[in-house]
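Peer 1: Hey, dropping target09.txt in here, compact mmCIF, C-alpha atoms:
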# COMPACT_ATOMS: atom_id res chain seq x y z
CA MET M 1 -4.41 -0.10 36.64
CA PRO M 2 -0.75 0.46 37.58
CA GLU M 3 0.11 2.61 40.58
CA PRO M 4 1.21 6.16 39.73
CA LYS M 5 4.94 6.70 39.98
CA ILE M 6 6.44 9.46 42.05
CA ILE M 7 8.94 11.57 40.14
CA PRO M 8 11.92 12.60 42.27
CA GLU M 9 12.35 16.35 42.67
CA GLU M 10 15.76 16.31 40.92
CA VAL M 11 14.23 14.62 37.87
CA LEU M 12 11.29 17.03 37.87
CA LEU M 13 13.60 20.06 38.01
CA ALA M 14 15.80 18.67 35.24
CA ARG M 15 12.74 18.10 33.05
CA LEU M 16 11.45 21.62 33.70
CA GLU M 17 14.84 23.08 32.79
CA LYS M 18 15.00 21.03 29.58
CA SER M 19 11.47 22.16 28.71
CA GLU M 20 12.47 25.81 29.16
CA GLN M 21 15.52 25.28 26.97
CA MET M 22 13.39 23.74 24.22
CA ARG M 23 10.88 26.59 24.47
CA ASP M 24 13.68 29.15 24.18
CA LEU M 25 15.10 27.33 21.14
CA CYS M 26 11.72 27.28 19.40
CA ILE M 27 11.16 30.96 20.08
CA GLN M 28 14.63 31.77 18.74
CA ILE M 29 13.92 29.79 15.56
CA TRP M 30 10.56 31.53 15.09
CA ARG M 31 12.14 34.96 15.63
CA GLU M 32 14.77 34.19 13.00
CA ASN M 33 12.15 32.86 10.59
CA PRO M 34 8.93 34.91 10.88
CA VAL M 35 7.36 33.10 7.92
CA LEU M 36 7.62 29.84 9.83
CA ALA M 37 6.16 31.51 12.92
CA ARG M 38 3.18 32.83 10.94
CA GLN M 39 2.55 29.35 9.55
CA ALA M 40 2.52 27.96 13.08
CA GLY M 41 -0.38 30.22 14.02
CA GLU M 42 -1.84 32.01 17.01
CA ARG M 43 -0.39 29.74 19.68
CA VAL M 44 3.14 30.57 18.53
CA ARG M 45 2.35 34.28 18.65
CA GLN M 46 1.21 33.86 22.23
CA LEU M 47 4.37 31.95 23.16
CA MET M 48 6.56 34.64 21.61
CA MET M 49 5.00 37.41 23.68
CA ASP M 50 7.30 38.65 26.39
CA MET M 51 6.31 36.70 29.46
CA PRO M 52 8.01 36.94 32.82
CA ARG M 53 10.16 33.90 33.51
CA PRO M 54 10.68 32.51 36.98
CA GLN M 55 13.97 33.47 38.60
CA SER M 56 14.45 29.93 39.82
CA LEU M 57 12.85 26.58 39.20
CA LYS M 58 13.30 25.59 42.84
CA LEU M 59 10.17 24.27 44.44
CA GLU M 60 9.26 25.50 47.85
CA GLY M 61 7.87 23.27 50.54
Rewrite the structure from the file as structure tokens, please.
Peer 2:
Amino acid sequence: MPEPKIIPEEVLLARLEKSEQMRDLCIQIWRENPVLARQAGERVRQLMMDMPRPQSLKLEG
């Protein structure tokens, strides 16, 4: 079994930011097309609920 790779913090933060951008895009699409959102089901409804977002993606430690 290969050794696990360590992801550098900069890469991790960039990936988290990209993930948030993709989430925001999907939510925007679903808000503009409620029929599509209903077809996607309960999980989409949960994602579209107003959830607090972190002020910063900086990791502490």
Peer 1: Just give me the gap between atom CA of M:Gln21 and atom CA of M:Leu47 in Å, one decimal is fine.
Peer 2: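 Answer for the atom CA of M:Gln21 to atom CA of M:Leu47 separation: 13.5 Å.
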Peer 1: Could you work out how far atom CA of M:Ile27 lies from atom CA of M:Glu42, giving the answer in Å with one decimal?
Peer 2: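 About the pair atom CA of M:Glu42 and atom CA of M:Ile27: they are 13.4 Å apart.
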Peer 1: Just give me the gap between atom CA of M:Asp24 and atom CA of M:Leu12 in Å, one decimal is fine.
Peer 2: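 One can read the atom CA of M:Asp24 to atom CA of M:Leu12 distance as 18.4 Å.
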Peer 1: Got a sec to check which residues sit within 12 Å of (5.4, 35.5, 16.5), counting all atoms listed in the file, and write them as a compact mmCIF listing (two decimals) with C-alpha atoms, in the coordinates of the input?
Peer 2:
# COMPACT_ATOMS: atom_id res chain seq x y z
CA CYS M 26 11.72 27.28 19.40
CA ILE M 27 11.16 30.96 20.08
CA GLN M 28 14.63 31.77 18.74
CA ILE M 29 13.92 29.79 15.56
CA TRP M 30 10.56 31.53 15.09
CA ARG M 31 12.14 34.96 15.63
CA GLU M 32 14.77 34.19 13.00
CA ASN M 33 12.15 32.86 10.59
CA PRO M 34 8.93 34.91 10.88
CA VAL M 35 7.36 33.10 7.92
CA LEU M 36 7.62 29.84 9.83
CA ALA M 37 6.16 31.51 12.92
CA ARG M 38 3.18 32.83 10.94
CA GLN M 39 2.55 29.35 9.55
CA ALA M 40 2.52 27.96 13.08
CA GLY M 41 -0.38 30.22 14.02
CA GLU M 42 -1.84 32.01 17.01
CA ARG M 43 -0.39 29.74 19.68
CA VAL M 44 3.14 30.57 18.53
CA ARG M 45 2.35 34.28 18.65
CA GLN M 46 1.21 33.86 22.23
CA LEU M 47 4.37 31.95 23.16
CA MET M 48 6.56 34.64 21.61
CA MET M 49 5.00 37.41 23.68
CA ASP M 50 7.30 38.65 26.39
